[in-house]
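Below is entry27.cif, which holds mmCIF, C-alpha atoms and all ligand atoms; chains and numbers go by the auth columns.
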```
data_structure
loop_
_atom_site.group_PDB
_atom_site.id
_atom_site.type_symbol
_atom_site.label_atom_id
_atom_site.label_comp_id
_atom_site.label_asym_id
_atom_site.label_seq_id
_atom_site.Cartn_x
_atom_site.Cartn_y
_atom_site.Cartn_z
_atom_site.B_iso_or_equiv
_atom_site.auth_seq_id
_atom_site.auth_asym_id
ATOM 1 C CA MET A 1 -8.434 -9.339 -13.923 0.00 26 B
ATOM 2 C CA ARG A 2 -6.375 -7.501 -11.376 0.00 27 B
ATOM 3 C CA LYS A 3 -7.288 -3.986 -10.360 0.00 28 B
ATOM 4 C CA ASN A 4 -5.299 -0.818 -10.898 0.00 29 B
ATOM 5 C CA ILE A 5 -5.080 1.103 -7.653 0.00 30 B
ATOM 6 C CA VAL A 6 -3.801 4.534 -6.687 0.00 31 B
ATOM 7 C CA ALA A 7 -3.560 4.691 -2.902 0.00 32 B
ATOM 8 C CA GLY A 8 -2.564 7.755 -0.903 0.00 33 B
ATOM 9 C CA ASN A 9 -0.624 7.435 2.328 0.00 34 B
ATOM 10 C CA TRP A 10 -1.016 10.678 4.255 0.00 35 B
ATOM 11 C CA LYS A 11 1.341 9.402 6.990 0.00 36 B
ATOM 12 C CA MET A 12 1.287 11.648 10.090 0.00 37 B
ATOM 13 C CA ASN A 13 0.056 14.728 8.263 0.00 38 B
ATOM 14 C CA LYS A 14 -3.112 16.854 8.426 0.00 39 B
ATOM 15 C CA THR A 15 -5.210 17.827 11.398 0.00 40 B
ATOM 16 C CA LEU A 16 -8.763 16.506 11.335 0.00 41 B
ATOM 17 C CA GLN A 17 -10.011 19.743 9.748 0.00 42 B
ATOM 18 C CA GLU A 18 -7.250 19.776 7.134 0.00 43 B
ATOM 19 C CA GLY A 19 -7.848 16.139 6.284 0.00 44 B
ATOM 20 C CA VAL A 20 -11.583 16.629 5.916 0.00 45 B
ATOM 21 C CA ALA A 21 -10.913 19.589 3.627 0.00 46 B
ATOM 22 C CA LEU A 22 -8.514 17.514 1.486 0.00 47 B
ATOM 23 C CA ALA A 23 -10.979 14.633 1.227 0.00 48 B
ATOM 24 C CA ALA A 24 -13.765 17.064 0.298 0.00 49 B
ATOM 25 C CA GLU A 25 -11.618 18.598 -2.414 0.00 50 B
ATOM 26 C CA LEU A 26 -10.718 15.193 -3.805 0.00 51 B
ATOM 27 C CA LYS A 27 -14.330 14.114 -3.801 0.00 52 B
ATOM 28 C CA ASP A 28 -15.310 17.284 -5.687 0.00 53 B
ATOM 29 C CA VAL A 29 -12.600 16.945 -8.305 0.00 54 B
ATOM 30 C CA LEU A 30 -13.341 13.263 -8.862 0.00 55 B
ATOM 31 C CA ALA A 31 -17.134 13.742 -8.946 0.00 56 B
ATOM 32 C CA GLY A 32 -17.388 14.029 -12.713 0.00 57 B
ATOM 33 C CA LYS A 33 -14.751 11.414 -13.502 0.00 58 B
ATOM 34 C CA THR A 34 -14.620 7.668 -13.897 0.00 59 B
ATOM 35 C CA PRO A 35 -11.008 6.858 -12.997 0.00 60 B
ATOM 36 C CA ASN A 36 -9.352 3.853 -14.623 0.00 61 B
ATOM 37 C CA CYS A 37 -8.199 2.740 -11.185 0.00 62 B
ATOM 38 C CA ASP A 38 -9.510 2.287 -7.678 0.00 63 B
ATOM 39 C CA VAL A 39 -8.799 5.314 -5.527 0.00 64 B
ATOM 40 C CA VAL A 40 -7.841 4.857 -1.877 0.00 65 B
ATOM 41 C CA ILE A 41 -6.790 7.410 0.736 0.00 66 B
ATOM 42 C CA GLY A 42 -4.810 6.225 3.743 0.00 67 B
ATOM 43 C CA THR A 43 -5.533 8.650 6.559 0.00 68 B
ATOM 44 C CA PRO A 44 -4.443 8.788 10.192 0.00 69 B
ATOM 45 C CA PHE A 45 -6.822 6.904 12.522 0.00 70 B
ATOM 46 C CA ILE A 46 -8.525 10.035 13.802 0.00 71 B
ATOM 47 C CA HIS A 47 -9.778 10.935 10.306 0.00 72 B
ATOM 48 C CA LEU A 48 -11.142 7.541 9.363 0.00 73 B
ATOM 49 C CA ALA A 49 -14.764 7.710 10.529 0.00 74 B
ATOM 50 C CA THR A 50 -15.344 11.285 9.380 0.00 75 B
ATOM 51 C CA VAL A 51 -13.622 10.857 6.032 0.00 76 B
ATOM 52 C CA ALA A 52 -15.212 7.459 5.311 0.00 77 B
ATOM 53 C CA ASN A 53 -18.622 9.009 5.924 0.00 78 B
ATOM 54 C CA GLN A 54 -17.751 12.031 3.841 0.00 79 B
ATOM 55 C CA VAL A 55 -16.630 10.096 0.748 0.00 80 B
ATOM 56 C CA GLU A 56 -19.467 7.583 0.849 0.00 81 B
ATOM 57 C CA GLY A 57 -21.100 7.329 -2.555 0.00 82 B
ATOM 58 C CA SER A 58 -17.942 8.544 -4.327 0.00 83 B
ATOM 59 C CA VAL A 59 -15.215 6.434 -5.939 0.00 84 B
ATOM 60 C CA ILE A 60 -12.910 7.073 -2.976 0.00 85 B
ATOM 61 C CA LYS A 61 -12.191 4.265 -0.520 0.00 86 B
ATOM 62 C CA VAL A 62 -10.510 4.768 2.826 0.00 87 B
ATOM 63 C CA ALA A 63 -7.531 2.974 4.365 0.00 88 B
ATOM 64 C CA ALA A 64 -5.980 2.982 7.810 0.00 89 B
ATOM 65 C CA GLN A 65 -2.172 3.111 7.904 0.00 90 B
ATOM 66 C CA ASN A 66 -1.869 0.431 10.570 0.00 91 B
ATOM 67 C CA CYS A 67 -3.882 -1.707 12.960 0.00 92 B
ATOM 68 C CA ALA A 68 -3.094 -3.541 16.184 0.00 93 B
ATOM 69 C CA ASN A 69 -1.671 -7.061 16.292 0.00 94 B
ATOM 70 C CA LYS A 70 -4.176 -7.936 19.030 0.00 95 B
ATOM 71 C CA GLU A 71 -7.897 -8.414 18.805 0.00 96 B
ATOM 72 C CA SER A 72 -9.032 -6.239 21.727 0.00 97 B
ATOM 73 C CA GLY A 73 -8.365 -5.545 25.379 0.00 98 B
ATOM 74 C CA ALA A 74 -5.760 -3.843 27.530 0.00 99 B
ATOM 75 C CA TYR A 75 -3.476 -2.412 24.819 0.00 100 B
ATOM 76 C CA THR A 76 -3.432 1.281 25.604 0.00 101 B
ATOM 77 C CA GLY A 77 -3.176 3.483 22.546 0.00 102 B
ATOM 78 C CA GLU A 78 -3.783 0.729 20.009 0.00 103 B
ATOM 79 C CA VAL A 79 -6.528 0.565 17.377 0.00 104 B
ATOM 80 C CA SER A 80 -7.853 -2.831 16.340 0.00 105 B
ATOM 81 C CA ALA A 81 -8.749 -4.079 12.880 0.00 106 B
ATOM 82 C CA ALA A 82 -12.392 -4.377 14.008 0.00 107 B
ATOM 83 C CA MET A 83 -12.341 -0.715 15.075 0.00 108 B
ATOM 84 C CA VAL A 84 -10.869 0.311 11.717 0.00 109 B
ATOM 85 C CA LYS A 85 -13.548 -1.674 9.916 0.00 110 B
ATOM 86 C CA SER A 86 -16.297 -0.084 12.022 0.00 111 B
ATOM 87 C CA THR A 87 -15.349 3.381 10.716 0.00 112 B
ATOM 88 C CA GLY A 88 -16.223 2.436 7.146 0.00 113 B
ATOM 89 C CA ALA A 89 -12.587 2.058 6.059 0.00 114 B
ATOM 90 C CA THR A 90 -12.048 -0.943 3.790 0.00 115 B
ATOM 91 C CA TYR A 91 -8.255 -1.097 3.419 0.00 116 B
ATOM 92 C CA VAL A 92 -5.320 -1.095 5.820 0.00 117 B
ATOM 93 C CA ILE A 93 -1.681 -0.402 4.938 0.00 118 B
ATOM 94 C CA LEU A 94 0.493 -2.944 6.778 0.00 119 B
ATOM 95 C CA GLY A 95 4.232 -3.443 7.006 0.00 120 B
ATOM 96 C CA HIS A 96 5.221 0.011 5.812 0.00 121 B
ATOM 97 C CA SER A 97 8.990 0.398 6.162 0.00 122 B
ATOM 98 C CA GLU A 98 8.500 3.295 8.581 0.00 123 B
ATOM 99 C CA ARG A 99 6.518 1.000 10.894 0.00 124 B
ATOM 100 C CA ARG A 100 9.100 -1.765 10.538 0.00 125 B
ATOM 101 C CA GLU A 101 11.990 0.597 11.200 0.00 126 B
ATOM 102 C CA TYR A 102 10.654 3.038 13.829 0.00 127 B
ATOM 103 C CA TYR A 103 8.121 0.826 15.631 0.00 128 B
ATOM 104 C CA GLY A 104 9.878 -2.521 15.528 0.00 129 B
ATOM 105 C CA GLU A 105 7.303 -4.358 13.434 0.00 130 B
ATOM 106 C CA THR A 106 8.678 -7.825 12.811 0.00 131 B
ATOM 107 C CA SER A 107 7.385 -10.492 10.473 0.00 132 B
ATOM 108 C CA ALA A 108 5.723 -12.225 13.452 0.00 133 B
ATOM 109 C CA ILE A 109 3.849 -9.048 14.404 0.00 134 B
ATOM 110 C CA LEU A 110 2.882 -8.454 10.786 0.00 135 B
ATOM 111 C CA ASN A 111 1.523 -11.975 10.433 0.00 136 B
ATOM 112 C CA ASP A 112 -0.866 -11.266 13.309 0.00 137 B
ATOM 113 C CA LYS A 113 -1.862 -7.910 11.840 0.00 138 B
ATOM 114 C CA VAL A 114 -2.542 -9.382 8.403 0.00 139 B
ATOM 115 C CA ALA A 115 -4.609 -12.208 9.910 0.00 140 B
ATOM 116 C CA LEU A 116 -6.701 -9.776 11.969 0.00 141 B
ATOM 117 C CA ALA A 117 -7.172 -7.422 9.020 0.00 142 B
ATOM 118 C CA LEU A 118 -8.395 -10.298 6.860 0.00 143 B
ATOM 119 C CA SER A 119 -10.668 -11.781 9.485 0.00 144 B
ATOM 120 C CA ASN A 120 -12.277 -8.369 9.904 0.00 145 B
ATOM 121 C CA GLY A 121 -12.876 -7.969 6.190 0.00 146 B
ATOM 122 C CA LEU A 122 -10.207 -5.345 5.523 0.00 147 B
ATOM 123 C CA THR A 123 -7.986 -5.476 2.438 0.00 148 B
ATOM 124 C CA PRO A 124 -4.329 -5.249 3.499 0.00 149 B
ATOM 125 C CA ILE A 125 -1.984 -3.224 1.325 0.00 150 B
ATOM 126 C CA TYR A 126 1.094 -5.161 2.342 0.00 151 B
ATOM 127 C CA CYS A 127 4.379 -3.279 1.941 0.00 152 B
ATOM 128 C CA CYS A 128 7.811 -4.693 1.216 0.00 153 B
ATOM 129 C CA GLY A 129 11.072 -3.232 -0.002 0.00 154 B
ATOM 130 C CA GLU A 130 14.786 -3.031 0.611 0.00 155 B
ATOM 131 C CA ALA A 131 17.138 -0.408 2.044 0.00 156 B
ATOM 132 C CA LEU A 132 19.907 1.200 0.012 0.00 157 B
ATOM 133 C CA ASP A 133 22.687 -1.088 1.276 0.00 158 B
ATOM 134 C CA VAL A 134 20.720 -4.115 0.097 0.00 159 B
ATOM 135 C CA ARG A 135 20.186 -2.538 -3.323 0.00 160 B
ATOM 136 C CA ASN A 136 23.875 -1.598 -3.527 0.00 161 B
ATOM 137 C CA ALA A 137 24.812 -5.198 -2.768 0.00 162 B
ATOM 138 C CA ASN A 138 22.370 -6.274 -5.500 0.00 163 B
ATOM 139 C CA THR A 139 20.578 -8.616 -3.105 0.00 164 B
ATOM 140 C CA GLN A 140 17.177 -6.891 -3.307 0.00 165 B
ATOM 141 C CA ASN A 141 15.402 -9.874 -4.852 0.00 166 B
ATOM 142 C CA GLU A 142 16.460 -12.263 -2.075 0.00 167 B
ATOM 143 C CA PHE A 143 15.594 -9.624 0.527 0.00 168 B
ATOM 144 C CA VAL A 144 12.082 -8.987 -0.751 0.00 169 B
ATOM 145 C CA LYS A 145 11.488 -12.693 -1.332 0.00 170 B
ATOM 146 C CA ASN A 146 12.417 -13.345 2.278 0.00 171 B
ATOM 147 C CA GLN A 147 10.090 -10.564 3.511 0.00 172 B
ATOM 148 C CA LEU A 148 7.213 -12.188 1.640 0.00 173 B
ATOM 149 C CA GLU A 149 8.119 -15.759 2.581 0.00 174 B
ATOM 150 C CA GLU A 150 8.156 -14.864 6.280 0.00 175 B
ATOM 151 C CA THR A 151 4.726 -13.258 6.094 0.00 176 B
ATOM 152 C CA ILE A 152 2.046 -13.290 3.427 0.00 177 B
ATOM 153 C CA PHE A 153 3.353 -16.378 1.601 0.00 178 B
ATOM 154 C CA ASN A 154 2.215 -18.330 4.669 0.00 179 B
ATOM 155 C CA LEU A 155 -1.403 -17.439 3.954 0.00 180 B
ATOM 156 C CA SER A 156 -3.786 -19.857 2.298 0.00 181 B
ATOM 157 C CA ALA A 157 -4.284 -19.223 -1.409 0.00 182 B
ATOM 158 C CA GLU A 158 -7.804 -18.050 -0.598 0.00 183 B
ATOM 159 C CA ASP A 159 -6.587 -15.398 1.842 0.00 184 B
ATOM 160 C CA PHE A 160 -3.595 -14.397 -0.277 0.00 185 B
ATOM 161 C CA GLN A 161 -5.976 -13.397 -3.060 0.00 186 B
ATOM 162 C CA LYS A 162 -7.603 -10.824 -0.776 0.00 187 B
ATOM 163 C CA LEU A 163 -4.564 -8.602 -0.441 0.00 188 B
ATOM 164 C CA VAL A 164 -2.669 -6.027 -2.423 0.00 189 B
ATOM 165 C CA ILE A 165 1.139 -5.773 -2.392 0.00 190 B
ATOM 166 C CA ALA A 166 3.120 -2.535 -2.468 0.00 191 B
ATOM 167 C CA TYR A 167 6.823 -2.611 -3.300 0.00 192 B
ATOM 168 C CA GLU A 168 8.519 0.433 -1.825 0.00 193 B
ATOM 169 C CA PRO A 169 12.314 0.609 -1.956 0.00 194 B
ATOM 170 C CA ILE A 170 13.232 2.475 1.234 0.00 195 B
ATOM 171 C CA TRP A 171 15.827 4.542 -0.582 0.00 196 B
ATOM 172 C CA ALA A 172 13.071 6.003 -2.768 0.00 197 B
ATOM 173 C CA ILE A 173 10.584 6.901 -0.019 0.00 198 B
ATOM 174 C CA GLY A 174 10.277 10.632 0.547 0.00 199 B
ATOM 175 C CA THR A 175 13.706 11.201 -0.967 0.00 200 B
ATOM 176 C CA GLY A 176 12.681 12.473 -4.377 0.00 201 B
ATOM 177 C CA VAL A 177 14.667 9.571 -5.848 0.00 202 B
ATOM 178 C CA THR A 178 12.280 7.298 -7.716 0.00 203 B
ATOM 179 C CA ALA A 179 13.339 3.812 -8.650 0.00 204 B
ATOM 180 C CA SER A 180 13.851 3.921 -12.396 0.00 205 B
ATOM 181 C CA THR A 181 10.954 2.555 -14.381 0.00 206 B
ATOM 182 C CA GLU A 182 13.138 -0.444 -15.249 0.00 207 B
ATOM 183 C CA GLN A 183 14.065 -1.107 -11.604 0.00 208 B
ATOM 184 C CA ALA A 184 10.421 -0.884 -10.521 0.00 209 B
ATOM 185 C CA GLN A 185 9.127 -3.080 -13.361 0.00 210 B
ATOM 186 C CA GLU A 186 11.909 -5.607 -12.818 0.00 211 B
ATOM 187 C CA MET A 187 11.119 -5.988 -9.107 0.00 212 B
ATOM 188 C CA LEU A 188 7.350 -6.160 -9.616 0.00 213 B
ATOM 189 C CA ALA A 189 7.813 -8.809 -12.325 0.00 214 B
ATOM 190 C CA PHE A 190 10.063 -10.715 -9.920 0.00 215 B
ATOM 191 C CA ILE A 191 7.440 -10.502 -7.152 0.00 216 B
ATOM 192 C CA ARG A 192 4.778 -11.726 -9.575 0.00 217 B
ATOM 193 C CA SER A 193 7.022 -14.625 -10.595 0.00 218 B
ATOM 194 C CA ILE A 194 7.536 -15.778 -7.008 0.00 219 B
ATOM 195 C CA ILE A 195 3.785 -15.489 -6.348 0.00 220 B
ATOM 196 C CA ALA A 196 3.313 -17.753 -9.380 0.00 221 B
ATOM 197 C CA ASP A 197 5.850 -20.237 -7.983 0.00 222 B
ATOM 198 C CA LYS A 198 4.067 -20.275 -4.654 0.00 223 B
ATOM 199 C CA PHE A 199 0.360 -19.910 -5.526 0.00 224 B
ATOM 200 C CA GLY A 200 0.206 -20.542 -9.276 0.00 225 B
ATOM 201 C CA LYS A 201 0.112 -18.363 -12.358 0.00 226 B
ATOM 202 C CA GLU A 202 -3.561 -17.452 -12.197 0.00 227 B
ATOM 203 C CA ILE A 203 -3.326 -16.014 -8.695 0.00 228 B
ATOM 204 C CA ALA A 204 -0.117 -14.180 -9.651 0.00 229 B
ATOM 205 C CA GLU A 205 -1.860 -12.616 -12.638 0.00 230 B
ATOM 206 C CA ASN A 206 -4.755 -11.513 -10.446 0.00 231 B
ATOM 207 C CA THR A 207 -2.654 -9.912 -7.694 0.00 232 B
ATOM 208 C CA SER A 208 -2.433 -6.126 -7.751 0.00 233 B
ATOM 209 C CA ILE A 209 1.140 -5.000 -7.100 0.00 234 B
ATOM 210 C CA LEU A 210 1.824 -1.304 -6.557 0.00 235 B
ATOM 211 C CA TYR A 211 5.015 0.715 -6.694 0.00 236 B
ATOM 212 C CA GLY A 212 5.722 3.327 -4.019 0.00 237 B
ATOM 213 C CA GLY A 213 8.563 5.778 -3.447 0.00 238 B
ATOM 214 C CA SER A 214 8.578 9.347 -4.766 0.00 239 B
ATOM 215 C CA CYS A 215 5.874 8.524 -7.290 0.00 240 B
ATOM 216 C CA ASN A 216 4.420 11.798 -8.558 0.00 241 B
ATOM 217 C CA ALA A 217 2.401 13.435 -11.303 0.00 242 B
ATOM 218 C CA LYS A 218 5.478 13.575 -13.557 0.00 243 B
ATOM 219 C CA ASN A 219 6.655 9.971 -13.360 0.00 244 B
ATOM 220 C CA ALA A 220 3.346 8.143 -12.777 0.00 245 B
ATOM 221 C CA SER A 221 2.372 7.640 -16.445 0.00 246 B
ATOM 222 C CA GLU A 222 5.662 5.991 -17.308 0.00 247 B
ATOM 223 C CA LEU A 223 5.574 3.770 -14.215 0.00 248 B
ATOM 224 C CA PHE A 224 1.918 2.771 -14.695 0.00 249 B
ATOM 225 C CA ALA A 225 2.539 1.903 -18.352 0.00 250 B
ATOM 226 C CA GLN A 226 4.735 -1.016 -17.256 0.00 251 B
ATOM 227 C CA PRO A 227 3.112 -4.441 -17.560 0.00 252 B
ATOM 228 C CA ASP A 228 3.580 -5.433 -13.910 0.00 253 B
ATOM 229 C CA ILE A 229 2.952 -2.083 -12.213 0.00 254 B
ATOM 230 C CA ASP A 230 -0.695 -1.966 -11.188 0.00 255 B
ATOM 231 C CA GLY A 231 -0.621 1.411 -9.496 0.00 256 B
ATOM 232 C CA GLY A 232 1.071 3.349 -6.757 0.00 257 B
ATOM 233 C CA LEU A 233 1.259 3.938 -3.036 0.00 258 B
ATOM 234 C CA ILE A 234 1.700 7.672 -2.856 0.00 259 B
ATOM 235 C CA GLY A 235 3.046 9.579 0.134 0.00 260 B
ATOM 236 C CA GLY A 236 4.016 13.229 -0.347 0.00 261 B
ATOM 237 C CA ALA A 237 2.108 13.666 -3.591 0.00 262 B
ATOM 238 C CA SER A 238 -1.151 12.501 -1.981 0.00 263 B
ATOM 239 C CA LEU A 239 -1.265 15.538 0.303 0.00 264 B
ATOM 240 C CA LYS A 240 -2.436 17.922 -2.412 0.00 265 B
ATOM 241 C CA ALA A 241 -5.628 17.109 -4.304 0.00 266 B
ATOM 242 C CA ALA A 242 -4.322 18.373 -7.655 0.00 267 B
ATOM 243 C CA ASP A 243 -1.152 16.241 -7.468 0.00 268 B
ATOM 244 C CA PHE A 244 -3.016 13.131 -6.356 0.00 269 B
ATOM 245 C CA VAL A 245 -5.655 13.512 -9.060 0.00 270 B
ATOM 246 C CA ALA A 246 -2.936 13.977 -11.690 0.00 271 B
ATOM 247 C CA ILE A 247 -1.518 10.600 -10.592 0.00 272 B
ATOM 248 C CA ILE A 248 -4.977 9.009 -10.786 0.00 273 B
ATOM 249 C CA ASP A 249 -5.322 10.513 -14.272 0.00 274 B
ATOM 250 C CA ALA A 250 -2.038 8.853 -15.282 0.00 275 B
ATOM 251 C CA PHE A 251 -4.056 5.635 -15.769 0.00 276 B
HETATM 252 P P1 LIG B . 6.591 9.030 -0.911 0.00 1 N
HETATM 253 O O1 LIG B . 6.089 7.934 0.140 0.00 1 N
HETATM 254 O O2 LIG B . 5.627 8.978 -2.075 0.00 1 N
HETATM 255 O O3 LIG B . 6.502 10.334 -0.165 0.00 1 N
HETATM 256 O O4 LIG B . 7.974 8.669 -1.299 0.00 1 N
HETATM 257 C C1 LIG B . 5.568 6.706 -0.285 0.00 1 N
HETATM 258 C C2 LIG B . 5.226 5.851 0.905 0.00 1 N
HETATM 259 O O5 LIG B . 6.030 5.794 1.852 0.00 1 N
HETATM 260 O O6 LIG B . 4.165 5.207 0.936 0.00 1 N
#
```

Once more with this new file: its structure as structure tokens, please.
Amino acid sequence: MRKNIVAGNWKMNKTLQEGVALAAELKDVLAGKTPNCDVVIGTPFIHLATVANQVEGSVIKVAAQNCANKESGAYTGEVSAAMVKSTGATYVILGHSERREYYGETSAILNDKVALALSNGLTPIYCCGEALDVRNANTQNEFVKNQLEETIFNLSAEDFQKLVIAYEPIWAIGTGVTASTEQAQEMLAFIRSIIADKFGKEIAENTSILYGGSCNAKNASELFAQPDIDGGLIGGASLKAADFVAIIDAF
């Protein structure tokens, strides 16, 4: 059975003190609850060790938002998958469209990042999704298929089963425009169908696929009620405990 997951992506927000306060608030609010989903918070690197320690024993798991495409050595400013793992984080968001667009992350770079994340025991939340011009040309399925074929579809079936996929149409990220429930369900069903073609139906059924892009407390229930939507990758609405918990409660 695949897992439902609500994962926050704080992006480049919150000082260390603010992030610790947000994690503490989340931990408090979730203390008496048994969510019907796994709960993950994707913090900036500097928060990881403190926040992972702080949420230990709670339902909250911690994700990095990136890791290096190299194992170790003279790569000034980079943070390796092994370093992320050593903080207590268990997930890493990889291939976010902001990283692809602003930091030149290609499929080749992402293949190295995914491999290093997996070999260090981290669960990648692997992002894919098309820009508005692709959607307007109605070629989003081919585009996303290609993104997956160039990267995670090259993994062995064993490794593929260790990751989570997040579909995030770029035109819906941080814009307040959510993909309609139908558009999101249609794409996630398509992704599941191509996973089945590549790795077989059982693996496809067991892969958690999340939707991301202006997902919030208002639209989460409708999105999560769809058969192929196994949760969300949440940016803006993960920065306030009450909003994030309302999304968790949508399951
Ligand atoms: P958003 O961001 O929820 O603010 O649209 C989602 C994401 O980029 O992960």

Target residues per the PyMOL selection byres (((chain B and resi 104) around 6) and not hetatm), formatted as a PyMOL selection string: chain B and resi 92-93+103+105

Kindly provide the residues of chain B that approach ligand LIG 1 (chain N) to within 8 Å, each paired with its closest atom pair and their distance in Å to one decimal, based on all atoms listed in the file, listed by chain and increasing number, as a Markdown table.
```
| residue | atom | partner | partner_atom | distance |
| --- | --- | --- | --- | --- |
| B:Gly33 | CA | N:LIG1 | O6 | 7.4 |
| B:Asn34 | CA | N:LIG1 | O6 | 5.5 |
| B:Lys36 | CA | N:LIG1 | O5 | 7.8 |
| B:His121 | CA | N:LIG1 | O5 | 7.1 |
| B:Ser122 | CA | N:LIG1 | O5 | 7.5 |
| B:Glu123 | CA | N:LIG1 | O5 | 7.6 |
| B:Glu193 | CA | N:LIG1 | C2 | 6.9 |
| B:Ile195 | CA | N:LIG1 | O5 | 8.0 |
| B:Ala197 | CA | N:LIG1 | O4 | 5.9 |
| B:Ile198 | CA | N:LIG1 | O4 | 3.4 |
| B:Gly199 | CA | N:LIG1 | O4 | 3.5 |
| B:Thr200 | CA | N:LIG1 | O4 | 6.3 |
| B:Gly201 | CA | N:LIG1 | O4 | 6.8 |
| B:Thr203 | CA | N:LIG1 | O4 | 7.8 |
| B:Gly237 | CA | N:LIG1 | C1 | 5.0 |
| B:Gly238 | CA | N:LIG1 | O4 | 3.6 |
| B:Ser239 | CA | N:LIG1 | O4 | 3.6 |
| B:Cys240 | CA | N:LIG1 | O2 | 5.2 |
| B:Asn241 | CA | N:LIG1 | O2 | 7.2 |
| B:Leu258 | CA | N:LIG1 | O6 | 5.1 |
| B:Ile259 | CA | N:LIG1 | O2 | 4.2 |
| B:Gly260 | CA | N:LIG1 | O2 | 3.4 |
| B:Gly261 | CA | N:LIG1 | O3 | 3.8 |
| B:Ala262 | CA | N:LIG1 | O2 | 6.1 |
| B:Ser263 | CA | N:LIG1 | O2 | 7.6 |
```

Closest of B:Trp196, B:Ala191, B:Thr112, B:Asp274 to B:Val54 - atom-to-atom distances counting all atoms listed in the file: B:Asp274

field: Neighbour list for B:Glu167 as a ChimeraX atom specification, cut-off 12 Å, all atoms listed in the file, skip fewer than 5 positions in-chain
entry: /B:153-155,159-160,162,172-174,212,215-216,219

message: Using all atoms listed in the file and a cutoff of 8 Å, can you tell me which residues are near (-8.5, 4.2, -3.2) in the file's coordinates, and write them out as a ChimeraX atom specification?
response: /B:30-33,63-66,84-88
